[in-house]
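As structure tokens, the structure follows; a few thoughts come after it.
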Amino acid sequence: MAETEAALREAIVETCRSMAAQGLNQGTSGNVSARFGGGLLVTPSGLPYEEMTPDDIVPMTMDGRADHRLPPSSEWRFHRDILRARPDVAAIVHAHPTYCTAFAMCRKDIPAAHYMIAAAGGPTVRCGGYALFGTEELSQRALEALQDRTCCLLANHGMIATGPNLAKALWLAVELETLCRQYAVALQVGRPHILSEAEVAEAMERFKSYGPRPKTDRT
């Protein structure tokens, strides 16, 4: 196993454990993938994160073939389809955190009630239409909701966060759950004020250099 592949496998496992530690996921739900070579590496189906090792991560080709002792996540299709359609994406985090999932169950978009909406790449976080998990139809719904966006909700399901690397995708997943939690509380307090398109655009310009950076880039 090449060193770069080994490092990526380890990073996927660490991402999964961080999801659990930060309350983004419960049990064996949720999954993580990363672009590798001409295909992808994706978490296996039904394996608890605390038991997962780098060798358990499943390699797949872009035509959907997997040659591994474990089956890939049941959601491998939308991981593959997003990576295939979006060259700007190199990592994907999918989870069922409480507040994201609550809004997904209500099939509601998240509006620009806070400037952190800029992390989504636009003035809303869209909620994609419902489709059965693991299906081609769900992949299509996800791609539609992610058009010009970095993250989305999936109706009656959960959320998807993407990024140029695993650290950025995990960071975005945490930020999205935080945004949903804040919006839920704001709705209880009163009627949240929605930022204008110009205000969102200004925040998005600042976000071009925002978010987690590798240690070598920090000063």
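In the structure tokens, each chain is lettered A, B, ... as it comes, each chain's residues begin at 1, and ligands are numbered from 1 in order of appearance.
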Go through range 90-182 of chain A residue by residue and, counting only C-alpha atoms, keep those with an atom at most 8 Å from range 54-75 of chain A; for each kept residue give the shortest atom pair and its distance in Å to one decimal, ordered by chain and increasing number, as JSON lines.
{"residue": "A:Phe133", "atom": "CA", "partner": "A:Glu75", "partner_atom": "CA", "distance": 6.7}
{"residue": "A:Gly134", "atom": "CA", "partner": "A:Glu75", "partner_atom": "CA", "distance": 4.6}
{"residue": "A:Thr135", "atom": "CA", "partner": "A:Glu75", "partner_atom": "CA", "distance": 7.8}
Can I get the selection written as a PDB file, in the first residue's frame, with all heavy atoms?
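Printed below is selection-v3.pdb as written:
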ATOM      1  N   PHE A 133     -32.531   5.572   0.406  1.00  0.00           N
ATOM      2  CA  PHE A 133     -31.078   5.570   0.581  1.00  0.00           C
ATOM      3  C   PHE A 133     -30.421   4.558  -0.358  1.00  0.00           C
ATOM      4  O   PHE A 133     -30.971   3.501  -0.658  1.00  0.00           O
ATOM      5  CB  PHE A 133     -30.706   5.280   2.041  1.00  0.00           C
ATOM      6  CG  PHE A 133     -30.983   3.868   2.495  1.00  0.00           C
ATOM      7  CD1 PHE A 133     -30.013   2.887   2.384  1.00  0.00           C
ATOM      8  CD2 PHE A 133     -32.214   3.525   3.041  1.00  0.00           C
ATOM      9  CE1 PHE A 133     -30.248   1.590   2.810  1.00  0.00           C
ATOM     10  CE2 PHE A 133     -32.466   2.232   3.477  1.00  0.00           C
ATOM     11  CZ  PHE A 133     -31.484   1.260   3.355  1.00  0.00           C
ATOM     12  N   GLY A 134     -29.237   4.927  -0.813  1.00  0.00           N
ATOM     13  CA  GLY A 134     -28.443   4.036  -1.649  1.00  0.00           C
ATOM     14  C   GLY A 134     -28.852   3.966  -3.106  1.00  0.00           C
ATOM     15  O   GLY A 134     -28.265   3.209  -3.880  1.00  0.00           O
ATOM     16  N   THR A 135     -29.841   4.768  -3.522  1.00  0.00           N
ATOM     17  CA  THR A 135     -30.358   4.671  -4.885  1.00  0.00           C
ATOM     18  C   THR A 135     -29.765   5.723  -5.808  1.00  0.00           C
ATOM     19  O   THR A 135     -29.245   6.752  -5.371  1.00  0.00           O
ATOM     20  CB  THR A 135     -31.886   4.827  -4.900  1.00  0.00           C
ATOM     21  OG1 THR A 135     -32.230   6.132  -4.395  1.00  0.00           O
ATOM     22  CG2 THR A 135     -32.541   3.760  -4.038  1.00  0.00           C
TER      23      THR A 135
END
Show which residues sit within 9 Å of range 110-117 of chain A, as a ChimeraX atom specification. Count only C-alpha atoms, and ignore same-chain residues fewer than 6 positions away.
/A:103,123-127,153,175-176,179-180,182-183,186,192-197,199-200,203-204,207
Residue subset to file, keeping N, CA and C atoms, as a PDB file, in the first residue's frame:
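Written output follows (result_10.pdb):
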ATOM      1  N   PHE A 103     -34.328  19.503  10.397  1.00  0.00           N
ATOM      2  CA  PHE A 103     -34.761  20.355   9.285  1.00  0.00           C
ATOM      3  C   PHE A 103     -34.990  19.528   8.021  1.00  0.00           C
ATOM      4  N   PRO A 123     -26.601  31.648  -0.719  1.00  0.00           N
ATOM      5  CA  PRO A 123     -27.478  32.249   0.282  1.00  0.00           C
ATOM      6  C   PRO A 123     -28.413  31.273   0.997  1.00  0.00           C
ATOM      7  N   THR A 124     -28.353  30.005   0.659  1.00  0.00           N
ATOM      8  CA  THR A 124     -29.162  28.989   1.328  1.00  0.00           C
ATOM      9  C   THR A 124     -28.392  27.686   1.418  1.00  0.00           C
ATOM     10  N   VAL A 125     -28.810  26.857   2.359  1.00  0.00           N
ATOM     11  CA  VAL A 125     -28.459  25.435   2.328  1.00  0.00           C
ATOM     12  C   VAL A 125     -29.717  24.745   1.847  1.00  0.00           C
ATOM     13  N   ARG A 126     -29.661  24.142   0.671  1.00  0.00           N
ATOM     14  CA  ARG A 126     -30.847  23.508   0.103  1.00  0.00           C
ATOM     15  C   ARG A 126     -31.130  22.160   0.760  1.00  0.00           C
ATOM     16  N   CYS A 127     -32.403  21.822   0.811  1.00  0.00           N
ATOM     17  CA  CYS A 127     -32.815  20.483   1.212  1.00  0.00           C
ATOM     18  C   CYS A 127     -33.250  19.741  -0.049  1.00  0.00           C
ATOM     19  N   LEU A 153     -28.827  19.454   2.717  1.00  0.00           N
ATOM     20  CA  LEU A 153     -29.617  18.507   3.490  1.00  0.00           C
ATOM     21  C   LEU A 153     -30.285  17.547   2.519  1.00  0.00           C
ATOM     22  N   GLU A 175     -19.914  22.937  11.069  1.00  0.00           N
ATOM     23  CA  GLU A 175     -20.477  24.278  10.915  1.00  0.00           C
ATOM     24  C   GLU A 175     -21.942  24.217  10.477  1.00  0.00           C
ATOM     25  N   LEU A 176     -22.274  23.272   9.620  1.00  0.00           N
ATOM     26  CA  LEU A 176     -23.655  23.146   9.165  1.00  0.00           C
ATOM     27  C   LEU A 176     -24.574  22.729  10.304  1.00  0.00           C
ATOM     28  N   LEU A 179     -25.034  25.729  12.501  1.00  0.00           N
ATOM     29  CA  LEU A 179     -25.941  26.692  11.875  1.00  0.00           C
ATOM     30  C   LEU A 179     -27.396  26.253  12.029  1.00  0.00           C
ATOM     31  N   CYS A 180     -27.656  24.974  11.818  1.00  0.00           N
ATOM     32  CA  CYS A 180     -29.019  24.456  11.966  1.00  0.00           C
ATOM     33  C   CYS A 180     -29.491  24.565  13.408  1.00  0.00           C
ATOM     34  N   GLN A 182     -28.473  26.774  15.670  1.00  0.00           N
ATOM     35  CA  GLN A 182     -28.708  28.195  15.947  1.00  0.00           C
ATOM     36  C   GLN A 182     -29.999  28.684  15.309  1.00  0.00           C
ATOM     37  N   TYR A 183     -30.269  28.244  14.097  1.00  0.00           N
ATOM     38  CA  TYR A 183     -31.490  28.660  13.406  1.00  0.00           C
ATOM     39  C   TYR A 183     -32.725  28.103  14.114  1.00  0.00           C
ATOM     40  N   ALA A 186     -33.259  30.258  17.120  1.00  0.00           N
ATOM     41  CA  ALA A 186     -33.730  31.579  16.709  1.00  0.00           C
ATOM     42  C   ALA A 186     -35.215  31.548  16.357  1.00  0.00           C
ATOM     43  N   PRO A 192     -36.256  35.195  12.693  1.00  0.00           N
ATOM     44  CA  PRO A 192     -34.886  35.557  12.330  1.00  0.00           C
ATOM     45  C   PRO A 192     -34.850  36.529  11.149  1.00  0.00           C
ATOM     46  N   HIS A 193     -33.948  37.507  11.234  1.00  0.00           N
ATOM     47  CA  HIS A 193     -33.747  38.434  10.124  1.00  0.00           C
ATOM     48  C   HIS A 193     -32.820  37.777   9.107  1.00  0.00           C
ATOM     49  N   ILE A 194     -33.194  37.811   7.849  1.00  0.00           N
ATOM     50  CA  ILE A 194     -32.423  37.163   6.788  1.00  0.00           C
ATOM     51  C   ILE A 194     -31.520  38.182   6.108  1.00  0.00           C
ATOM     52  N   LEU A 195     -30.243  37.848   5.979  1.00  0.00           N
ATOM     53  CA  LEU A 195     -29.283  38.732   5.333  1.00  0.00           C
ATOM     54  C   LEU A 195     -29.629  38.921   3.860  1.00  0.00           C
ATOM     55  N   SER A 196     -29.275  40.075   3.332  1.00  0.00           N
ATOM     56  CA  SER A 196     -29.523  40.366   1.923  1.00  0.00           C
ATOM     57  C   SER A 196     -28.525  39.622   1.041  1.00  0.00           C
ATOM     58  N   GLU A 197     -28.815  39.561  -0.255  1.00  0.00           N
ATOM     59  CA  GLU A 197     -27.896  38.919  -1.197  1.00  0.00           C
ATOM     60  C   GLU A 197     -26.539  39.612  -1.184  1.00  0.00           C
ATOM     61  N   GLU A 199     -25.156  41.230   1.331  1.00  0.00           N
ATOM     62  CA  GLU A 199     -24.461  40.891   2.581  1.00  0.00           C
ATOM     63  C   GLU A 199     -23.893  39.483   2.531  1.00  0.00           C
ATOM     64  N   VAL A 200     -24.636  38.560   1.942  1.00  0.00           N
ATOM     65  CA  VAL A 200     -24.125  37.196   1.787  1.00  0.00           C
ATOM     66  C   VAL A 200     -22.935  37.176   0.835  1.00  0.00           C
ATOM     67  N   ALA A 203     -19.836  38.333   2.592  1.00  0.00           N
ATOM     68  CA  ALA A 203     -19.312  37.294   3.475  1.00  0.00           C
ATOM     69  C   ALA A 203     -18.634  36.184   2.671  1.00  0.00           C
ATOM     70  N   MET A 204     -19.215  35.815   1.529  1.00  0.00           N
ATOM     71  CA  MET A 204     -18.628  34.769   0.692  1.00  0.00           C
ATOM     72  C   MET A 204     -17.257  35.172   0.175  1.00  0.00           C
ATOM     73  N   PHE A 207     -14.850  34.474   2.742  1.00  0.00           N
ATOM     74  CA  PHE A 207     -14.700  33.045   2.997  1.00  0.00           C
ATOM     75  C   PHE A 207     -13.747  32.353   2.026  1.00  0.00           C
TER      76      PHE A 207
END
With distances taken over only C-alpha atoms, which of A:Thr53, A:Ala91, A:Gly23, A:Met105 is nearest to Gly39 in chain A?
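Between A:Thr53, A:Ala91, A:Gly23, A:Met105, the residue approaching Gly39 in chain A most closely is A:Ala91.
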Could you write out, as an MDAnalysis selection string, all the residues of range 48-179 of chain A that DSSP marks as strand (DSSP E)?
chainID A and resid 58:60 91:95 127:128 151:154 158:163
Residue selection dump (C-alpha atoms) as a JSON list (two decimals), in the first residue's frame:
[["chain", "number", "residue", "atom", "x", "y", "z"],
["A", 58, "VAL", "CA", -12.95, 0.11, 0.65],
["A", 59, "PRO", "CA", -11.34, 1.18, -2.66],
["A", 60, "MET", "CA", -13.75, 1.74, -5.54],
["A", 91, "ALA", "CA", -13.73, 14.53, 0.25],
["A", 92, "ILE", "CA", -17.30, 13.95, 1.43],
["A", 93, "VAL", "CA", -18.81, 13.61, 4.89],
["A", 94, "HIS", "CA", -22.36, 12.29, 5.25],
["A", 95, "ALA", "CA", -24.06, 12.12, 8.64],
["A", 127, "CYS", "CA", -32.82, 20.48, 1.21],
["A", 128, "GLY", "CA", -32.81, 17.97, -1.62],
["A", 151, "CYS", "CA", -23.21, 21.21, 1.48],
["A", 152, "CYS", "CA", -26.88, 20.27, 1.57],
["A", 153, "LEU", "CA", -29.62, 18.51, 3.49],
["A", 154, "LEU", "CA", -31.40, 15.40, 2.22],
["A", 158, "GLY", "CA", -29.47, 13.83, 6.90],
["A", 159, "MET", "CA", -26.75, 16.05, 5.48],
["A", 160, "ILE", "CA", -23.80, 16.05, 3.09],
["A", 161, "ALA", "CA", -20.70, 18.23, 3.43],
["A", 162, "THR", "CA", -17.95, 18.37, 0.81],
["A", 163, "GLY", "CA", -14.47, 19.81, 0.67]]
Given only C-alpha atoms as the basis, pick out the residue of A:Ala173, A:Leu132, A:Ala118, A:Ala85 nearest to Ala198 in chain A.
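So, comparing all the options, the nearest one is A:Ala118.
Distances from A:Val42, A:Met19, A:Ala169, A:Ala11 to Arg77 in chain A were compared using only C-alpha atoms, and the smallest one belongs to A:Val42.
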Enumerate the residues of chain A with a DSSP assignment of alpha helix (DSSP H), computed from the backbone, and present them as a PyMOL selection string.
chain A and resi 3-21+76-85+98-105+136-145+166-189+197-206
